[in-house]
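Below is one structure, written out as structure tokens; comments come after it.
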Amino acid sequence: MKKFVILFCLLLASAGMQAGHDTQSFRQWQDNKFSMFIHFGLYSKLGGVWKGKPVTQGYSEQIMAFAPVPKDKYEALAGEFNPNCFNADSIAALAKRAGMRSVVLTSKHHDGFCLFRTKTTAYNIYDASPCKRDLVKEMAEACKRAGLNFGLYFSLIDWHCPYASPMAPHNANFIPSKHHEYSKAQLKELLTRYGPISELWFDMGSNTPEQSRELYELVHRIQPSCMVSGRLGNDCYDFCVMGDNQYPDATLQTPWQTCASMFNETWGYRSWQKRENAKEKAAEKMRALANVVSHGGNYLLNIGPDGQGNVISFERQVLERIGKWLGQYGYAVYGSDSSPFNEEFDWGTAARKGKQLYLFLSGNYPKDGKITFNMPGYVLEKGDGKMASYLQYGDEIVLTVPASAYKDSVIHVLTLDFDKEITRFPGKNVRSTSLTAQNATPLYSYSCFDYYTNYKSIIGYSWNFDQILLKQLDLIYTPQEKGKTIDLTIDQKTYTVELGEGKPQSQDPLPGTTWGGLYLCGPKHTSFDAPAAPETERNGWKKLDADSGTVACKPFETYYLMQEVESPRQQRVIAEIGAGNGIEVCVNGVSIMKHLNHYRCSFRKEQVAIPLRKGKNCIVIRLYNRFENRFGYLFRTAEKPVTYKQEITLPEILNGKSHTVTVKPHKPASPHTDAELSNLRIRLRRIAM
């Protein structure tokens, strides 16, 4: 039997952090939960209006691009920009009343106008305007006085910088080397002049991997405790960032944040924005905060002061209402961990801390007035007794909640105390001795090249199953995985395993397997995070004469391949596929594999184990192009299909009714990059009694 290397270690709550980032800084950032974003700049003076007319297209902070405003006329506004009502102490006090733990200010947005005094350009609020103030300095000092953390937003594109790429409608410009050096000089100023910076919130642009790494290392070299946002790109960051006003539908296993504006239409001040009901808006944002906290993230909520620097009264009212709510229920938000449950509930959501479970009644009132969920292995000691009655039947907890708990605009929270610390439950119970990507609970992060190529990546797989004794198992994989090293965690003990030669096994398709024609459809203009596959009607699909070729395309275009196959019974076939910047494989409407390829990869061939059911099957392959003007495609059965089996014997027999197995890549280059382990199977071997 082939020996394998074993390394024991305990699972860390902070697994997936960048190497060298200290746990305390991460935990402090994670515990903040709720922070203030401030979009303020030269664009605030226009208030979403140009030549007396509202500019309805795009965000108002990008009015220069969407109006459009000629560059000379826009930059001339700096000579009139004097926001004498901007009061950093007042804003910090508002953030505290709102229950926020930090403030993130736009030091420079896409227009390139700096809210700080800088030696790099005269196009800043001190030198180019009558204001003669450094608002970054004022806000940093106000936050320090108020006991708030202070972070900075920094745009990676710059419509003023003479070295930058010209303005483009997609905001994903490449960063020329001179522009990159210009950004580094500004970042050095920001990181050395204003005290501790809790987070550096990069935005837009399209760095090369080398540029992302250089900026990441620059930030941590000067301020090791500063958290770096996901929009730096190329999987080189401390925390993931969703798209604007977007929320994940599952808990992520790496640090993450949702950034949200008061109104989805804009971040910067818009004078003509309809602001109708502060009470309803506050309830909307409370529900969003509960959603984010329950999935283990942080919530960054924006305000957009007007051109004079005044906080809009409506936004102030919303924040103060949220602050009153947090004054009552903040114990369930700050420092809490994600919901212990893998499922979502119509009645609301949950979070946990120690032995306490918090139920946010943020959804729909249950029809029978009862909230039911399972807590296997836990004993309910008490409920808070304020709004519900509590019963436990074995593992099942049943709460009876009055309709009044859902009728006002406040999200009520129920606290349940259990007999021991609550940990996250394993995923769904697998009733099979074969553990596959299809019956696993995926472990998620967000991977990206840049803002437009940002998707929920699978960084590992977990299975929970019942088996009294566990001593041996087999790892089965394709040539695609051979040579990789994985961390195989079984009941909280981790074994590091190299996927070596193993025992080869032929994997020829079964006799009677019939392949139809190969079809191409496109282009489609979708992001890589878009739904899995288009409709598969024949409209728009062109039959191909060969199983490989090249197609002319434009950046940001997606094409699809479709292959139908008739299978005599259930089987797994090994296919060779090829694509450029990114690829996704869907079988019968279900995504079985999805990942970005290496940066600027124009073509990559790989093998995929495709599960087929008996009868007709439809395979759809998404060919994602972010950068290139031509891409290649490939789909065919492997010429010599083979899998390898590696037998694993554990150091000791594991006893117990149930077990949990997790697989992840060993020491990945980034904790956010897809694991590319969808082909791997684990076969459990029962011990003869």
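The way I read the labels, and the way they are meant: chains A, B, ... in the order of the structure tokens, residue 1 as the first residue of every chain, and ligand 1 as the first ligand shown, with later ones counted on from there.
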Next item on the list: Excluding Trp201 of chain A and residues on its chain fewer than 5 positions from it, collect all residues at most 8 Å away from it, counting only C-alpha atoms, and give them as a list of chain:residue names.
Entry: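 Once the nearby chain positions are removed, what remains is A:Val104, A:Gly151, A:Leu152, A:Tyr153, A:Phe154, A:Val228, A:Ser229, A:Arg231.
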Generate a file of the selected residues that holds C-alpha atoms, formatted as a short mmCIF file (atom, residue, chain, number, x, y, z; two decimals), in the first residue's frame.
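Generated file (out-v2.cif):
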data_model
loop_
_atom_site.label_atom_id
_atom_site.label_comp_id
_atom_site.auth_asym_id
_atom_site.auth_seq_id
_atom_site.Cartn_x
_atom_site.Cartn_y
_atom_site.Cartn_z
CA VAL A 104 -14.49 54.31 5.32
CA GLY A 151 -10.57 53.06 6.61
CA LEU A 152 -10.01 54.49 3.15
CA TYR A 153 -11.51 53.91 -0.29
CA PHE A 154 -9.07 54.28 -3.19
CA VAL A 228 -7.29 44.81 2.02
CA SER A 229 -10.51 44.56 0.01
CA ARG A 231 -11.48 44.63 -5.53
#
Residues near segment 497-508 of chain A, anyone? I mean within 8 Å using only C-alpha atoms, not counting same-chain ones fewer than 6 positions away, as a CSV table (one decimal) with C-alpha atoms, in the first residue's frame.
chain,number,residue,atom,x,y,z
A,2,LYS,CA,1.4,3.4,-0.9
A,4,PHE,CA,1.3,9.1,2.4
A,5,VAL,CA,2.5,12.1,4.3
A,6,ILE,CA,0.4,12.9,7.4
A,481,GLU,CA,-5.6,16.0,-10.1
A,482,LYS,CA,-2.5,13.8,-10.2
A,483,GLY,CA,0.5,15.5,-8.5
A,484,LYS,CA,-1.7,17.8,-6.4
A,485,THR,CA,-1.5,17.9,-2.6
A,486,ILE,CA,-4.6,18.1,-0.5
A,487,ASP,CA,-5.6,18.6,3.1
A,488,LEU,CA,-8.0,15.7,4.0
A,573,VAL,CA,-17.2,9.7,-18.4
A,574,ILE,CA,-13.9,11.5,-18.7
A,640,LYS,CA,-7.3,7.3,-23.0
A,641,PRO,CA,-9.8,7.8,-20.1
A,642,VAL,CA,-8.3,6.6,-16.8
A,643,THR,CA,-8.8,7.3,-13.1
A,644,TYR,CA,-6.4,6.5,-10.3
A,645,LYS,CA,-7.2,4.9,-6.9
A,646,GLN,CA,-5.1,5.7,-3.9
A,647,GLU,CA,-5.8,3.6,-0.7
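Between atom CA of Cys259 of chain A and atom CA of Arg101 of chain A lies a distance of 14.8 Å.
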Check: Pick from A:Glu210, A:Asp249, A:Asp203, A:Asp346: nearest to Cys236 of chain A, with only C-alpha atoms counted?
Finding: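 With only C-alpha atoms as the atom set, the closest residue is A:Glu210.
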Next item on the list: Could you pull out the residues in segment 140-222 of chain A that DSSP calls helix (DSSP H, G or I) from the backbone, as a ChimeraX atom specification?
Entry: /A:140-146,177-193,209-222
Deliver the residues from the most recent selection as a file, using C-alpha atoms, as a CSV table (one decimal), in the first residue's frame.
chain,number,residue,atom,x,y,z
A,140,ALA,CA,-9.1,60.3,10.6
A,141,GLU,CA,-8.7,62.5,13.7
A,142,ALA,CA,-12.4,62.6,14.3
A,143,CYS,CA,-12.6,58.8,14.2
A,144,LYS,CA,-9.8,58.6,16.7
A,145,ARG,CA,-11.5,61.0,19.1
A,146,ALA,CA,-14.8,59.0,18.7
A,177,SER,CA,3.1,51.0,-15.3
A,178,LYS,CA,3.4,54.8,-14.7
A,179,HIS,CA,-0.2,55.0,-13.4
A,180,HIS,CA,0.7,52.1,-11.1
A,181,GLU,CA,3.7,54.0,-9.7
A,182,TYR,CA,1.5,57.1,-9.3
A,183,SER,CA,-1.0,55.0,-7.2
A,184,LYS,CA,1.8,53.6,-5.1
A,185,ALA,CA,3.0,57.1,-4.3
A,186,GLN,CA,-0.5,58.2,-3.2
A,187,LEU,CA,-1.0,55.0,-1.1
A,188,LYS,CA,2.3,55.6,0.7
A,189,GLU,CA,1.1,59.0,1.7
A,190,LEU,CA,-2.3,57.7,2.8
A,191,LEU,CA,-0.7,54.9,4.9
A,192,THR,CA,1.9,57.0,6.6
A,193,ARG,CA,0.2,60.3,7.3
A,209,PRO,CA,-1.5,39.7,-10.8
A,210,GLU,CA,1.9,41.3,-10.2
A,211,GLN,CA,0.4,44.7,-9.7
A,212,SER,CA,-2.2,43.3,-7.2
A,213,ARG,CA,0.5,41.5,-5.3
A,214,GLU,CA,2.7,44.6,-5.2
A,215,LEU,CA,-0.1,46.8,-3.8
A,216,TYR,CA,-1.1,44.2,-1.3
A,217,GLU,CA,2.4,43.8,0.0
A,218,LEU,CA,2.9,47.6,0.1
A,219,VAL,CA,-0.2,48.0,2.3
A,220,HIS,CA,0.9,45.3,4.7
A,221,ARG,CA,4.5,46.4,4.8
A,222,ILE,CA,3.5,49.9,6.0
Note to self: When you count only C-alpha atoms, which of these residues is closest to Phe174 of chain A: A:Glu396, A:Ser389, A:Leu475, A:Phe627?
What the structure shows: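 Among the listed residues, the smallest separation from Phe174 of chain A belongs to A:Phe627.
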Write out as a tab-separated table the residues of segment 567-674 of chain A that have any atom within 12 Å of an atom of segment 432-453 of chain A, one row each with the nearest atom pair and its distance in Å to one decimal, counting only C-alpha atoms, sorted by chain and then rising number.
residue	atom	partner	partner_atom	distance
A:Arg572	CA	A:Thr436	CA	11.4
A:Asn581	CA	A:Thr453	CA	9.7
A:Gly582	CA	A:Thr453	CA	9.3
A:Ile583	CA	A:Thr453	CA	11.9
A:Cys586	CA	A:Gln438	CA	11.7
A:Val587	CA	A:Gln438	CA	11.0
A:Val590	CA	A:Gln438	CA	9.3
A:Ser591	CA	A:Gln438	CA	9.2
A:Ile592	CA	A:Gln438	CA	7.0
A:Met593	CA	A:Ala437	CA	8.9
A:Lys594	CA	A:Ser447	CA	11.1
A:His595	CA	A:Ser447	CA	8.6
A:Leu596	CA	A:Cys448	CA	7.8
A:Asn597	CA	A:Phe449	CA	9.9
A:His598	CA	A:Phe449	CA	9.3
A:Tyr599	CA	A:Phe449	CA	7.3
A:Arg600	CA	A:Phe449	CA	9.6
A:Cys601	CA	A:Phe449	CA	11.8
A:Val608	CA	A:Ala437	CA	12.0
A:Ala609	CA	A:Ala437	CA	10.5
A:Ile610	CA	A:Gln438	CA	10.5
A:Pro611	CA	A:Gln438	CA	8.9
A:Leu612	CA	A:Gln438	CA	11.8
A:Tyr624	CA	A:Thr453	CA	9.5
A:Asn625	CA	A:Thr453	CA	9.6
A:Arg626	CA	A:Thr453	CA	7.3
A:Phe627	CA	A:Phe449	CA	10.3
A:Thr660	CA	A:Thr441	CA	10.8
A:Val661	CA	A:Leu435	CA	9.2
A:Thr662	CA	A:Leu443	CA	9.2
A:Val663	CA	A:Leu443	CA	9.5
A:Lys664	CA	A:Leu443	CA	9.0
A:Pro665	CA	A:Leu443	CA	11.9
A:Ser670	CA	A:Ser447	CA	9.2
A:Pro671	CA	A:Ser445	CA	7.8
A:His672	CA	A:Ser447	CA	5.2
A:Thr673	CA	A:Ser447	CA	5.3
A:Asp674	CA	A:Ser447	CA	7.1
Output of the above residues as a compact mmCIF listing (two decimals), in the first residue's frame, restricted to N, CA and C atoms:
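File produced: selection.txt:
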# COMPACT_ATOMS: atom_id res chain seq x y z
N ARG A 572 -19.94 7.72 -15.14
CA ARG A 572 -19.09 8.91 -15.20
C ARG A 572 -18.15 8.74 -16.38
N ASN A 581 -10.28 32.27 -20.70
CA ASN A 581 -10.17 32.94 -19.41
C ASN A 581 -10.93 32.25 -18.28
N GLY A 582 -12.02 31.57 -18.61
CA GLY A 582 -12.79 30.89 -17.57
C GLY A 582 -13.71 29.86 -18.19
N ILE A 583 -14.17 28.91 -17.37
CA ILE A 583 -15.01 27.83 -17.90
C ILE A 583 -15.98 27.36 -16.84
N CYS A 586 -21.99 22.47 -17.12
CA CYS A 586 -23.30 22.15 -16.55
C CYS A 586 -23.81 20.86 -17.18
N VAL A 587 -24.31 19.96 -16.36
CA VAL A 587 -24.87 18.69 -16.84
C VAL A 587 -26.33 18.63 -16.40
N VAL A 590 -27.33 21.46 -14.07
CA VAL A 590 -26.63 21.60 -12.79
C VAL A 590 -25.15 21.86 -13.05
N SER A 591 -24.62 22.90 -12.43
CA SER A 591 -23.20 23.22 -12.59
C SER A 591 -22.37 22.21 -11.82
N ILE A 592 -21.43 21.54 -12.50
CA ILE A 592 -20.59 20.55 -11.82
C ILE A 592 -19.14 21.04 -11.68
N MET A 593 -18.77 22.08 -12.41
CA MET A 593 -17.41 22.60 -12.34
C MET A 593 -17.40 24.02 -12.88
N LYS A 594 -16.69 24.91 -12.18
CA LYS A 594 -16.61 26.30 -12.62
C LYS A 594 -15.35 26.91 -12.04
N HIS A 595 -14.55 27.52 -12.88
CA HIS A 595 -13.39 28.23 -12.35
C HIS A 595 -12.82 29.16 -13.40
N LEU A 596 -12.10 30.16 -12.92
CA LEU A 596 -11.30 30.99 -13.81
C LEU A 596 -10.00 30.25 -14.11
N ASN A 597 -9.45 30.47 -15.27
CA ASN A 597 -8.13 29.96 -15.58
C ASN A 597 -7.08 31.00 -15.17
N HIS A 598 -5.83 30.73 -15.44
CA HIS A 598 -4.79 31.67 -15.07
C HIS A 598 -5.00 32.98 -15.83
N TYR A 599 -4.53 34.06 -15.24
CA TYR A 599 -4.69 35.39 -15.82
C TYR A 599 -4.21 35.43 -17.27
N ARG A 600 -5.06 35.93 -18.15
CA ARG A 600 -4.79 36.07 -19.58
C ARG A 600 -4.51 34.75 -20.28
N CYS A 601 -4.99 33.65 -19.70
CA CYS A 601 -4.84 32.35 -20.35
C CYS A 601 -5.77 32.32 -21.56
N VAL A 608 -12.41 16.51 -17.25
CA VAL A 608 -13.55 16.64 -16.34
C VAL A 608 -14.29 15.31 -16.29
N ALA A 609 -14.56 14.83 -15.08
CA ALA A 609 -15.39 13.64 -14.90
C ALA A 609 -16.85 14.07 -14.91
N ILE A 610 -17.58 13.65 -15.95
CA ILE A 610 -18.95 14.11 -16.15
C ILE A 610 -19.92 13.01 -15.72
N PRO A 611 -20.78 13.29 -14.73
CA PRO A 611 -21.77 12.29 -14.30
C PRO A 611 -22.96 12.28 -15.25
N LEU A 612 -23.24 11.13 -15.82
CA LEU A 612 -24.39 10.97 -16.73
C LEU A 612 -25.44 10.10 -16.07
N TYR A 624 -15.93 31.49 -21.03
CA TYR A 624 -15.93 32.89 -20.60
C TYR A 624 -14.68 33.60 -21.10
N ASN A 625 -14.89 34.75 -21.72
CA ASN A 625 -13.78 35.56 -22.20
C ASN A 625 -13.82 36.93 -21.54
N ARG A 626 -12.77 37.27 -20.84
CA ARG A 626 -12.67 38.59 -20.20
C ARG A 626 -11.76 39.53 -20.99
N PHE A 627 -10.66 39.00 -21.55
CA PHE A 627 -9.61 39.87 -22.06
C PHE A 627 -9.36 39.78 -23.57
N THR A 660 -17.31 13.61 9.74
CA THR A 660 -17.24 14.69 8.77
C THR A 660 -15.89 14.64 8.07
N VAL A 661 -15.94 14.71 6.74
CA VAL A 661 -14.73 14.73 5.93
C VAL A 661 -14.73 16.02 5.11
N THR A 662 -13.57 16.67 5.07
CA THR A 662 -13.41 17.89 4.27
C THR A 662 -12.13 17.77 3.45
N VAL A 663 -12.18 18.24 2.21
CA VAL A 663 -10.97 18.31 1.38
C VAL A 663 -10.76 19.73 0.89
N LYS A 664 -9.51 20.17 0.94
CA LYS A 664 -9.09 21.46 0.42
C LYS A 664 -7.70 21.31 -0.18
N PRO A 665 -7.31 22.21 -1.07
CA PRO A 665 -5.91 22.20 -1.52
C PRO A 665 -4.98 22.50 -0.34
N SER A 670 -3.77 31.26 -2.97
CA SER A 670 -4.75 32.21 -2.43
C SER A 670 -5.90 31.41 -1.81
N PRO A 671 -6.42 31.84 -0.67
CA PRO A 671 -7.56 31.14 -0.08
C PRO A 671 -8.86 31.34 -0.83
N HIS A 672 -8.86 32.21 -1.84
CA HIS A 672 -10.09 32.54 -2.56
C HIS A 672 -10.22 31.82 -3.90
N THR A 673 -9.12 31.26 -4.40
CA THR A 673 -9.11 30.63 -5.71
C THR A 673 -9.81 29.27 -5.67
N ASP A 674 -10.53 28.94 -6.74
CA ASP A 674 -11.25 27.67 -6.80
C ASP A 674 -10.29 26.50 -6.59
Check: What's the 7 Å shell around Thr400 of chain A, counting only C-alpha atoms, without same-chain residues fewer than 5 positions away, as a PyMOL selection string?
Finding: chain A and resi 369-371+388-390
Next item on the list: Calculate how many Å separate atom CA of Ile422 of chain A from atom CA of Lys355 of chain A, rounding to one decimal.
Entry: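 Taking atom CA of Ile422 of chain A as the start and atom CA of Lys355 of chain A as the end point, the length is 5.4 Å.
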Next item on the list: Find the spatial neighbours of Leu684 of chain A, counting only C-alpha atoms, within a cut-off of 12 Å - ignore same-chain residues fewer than 3 positions away - and output them as a PyMOL selection string.
Entry: chain A and resi 430-436+463+465-476+647-650+659+661+681+687
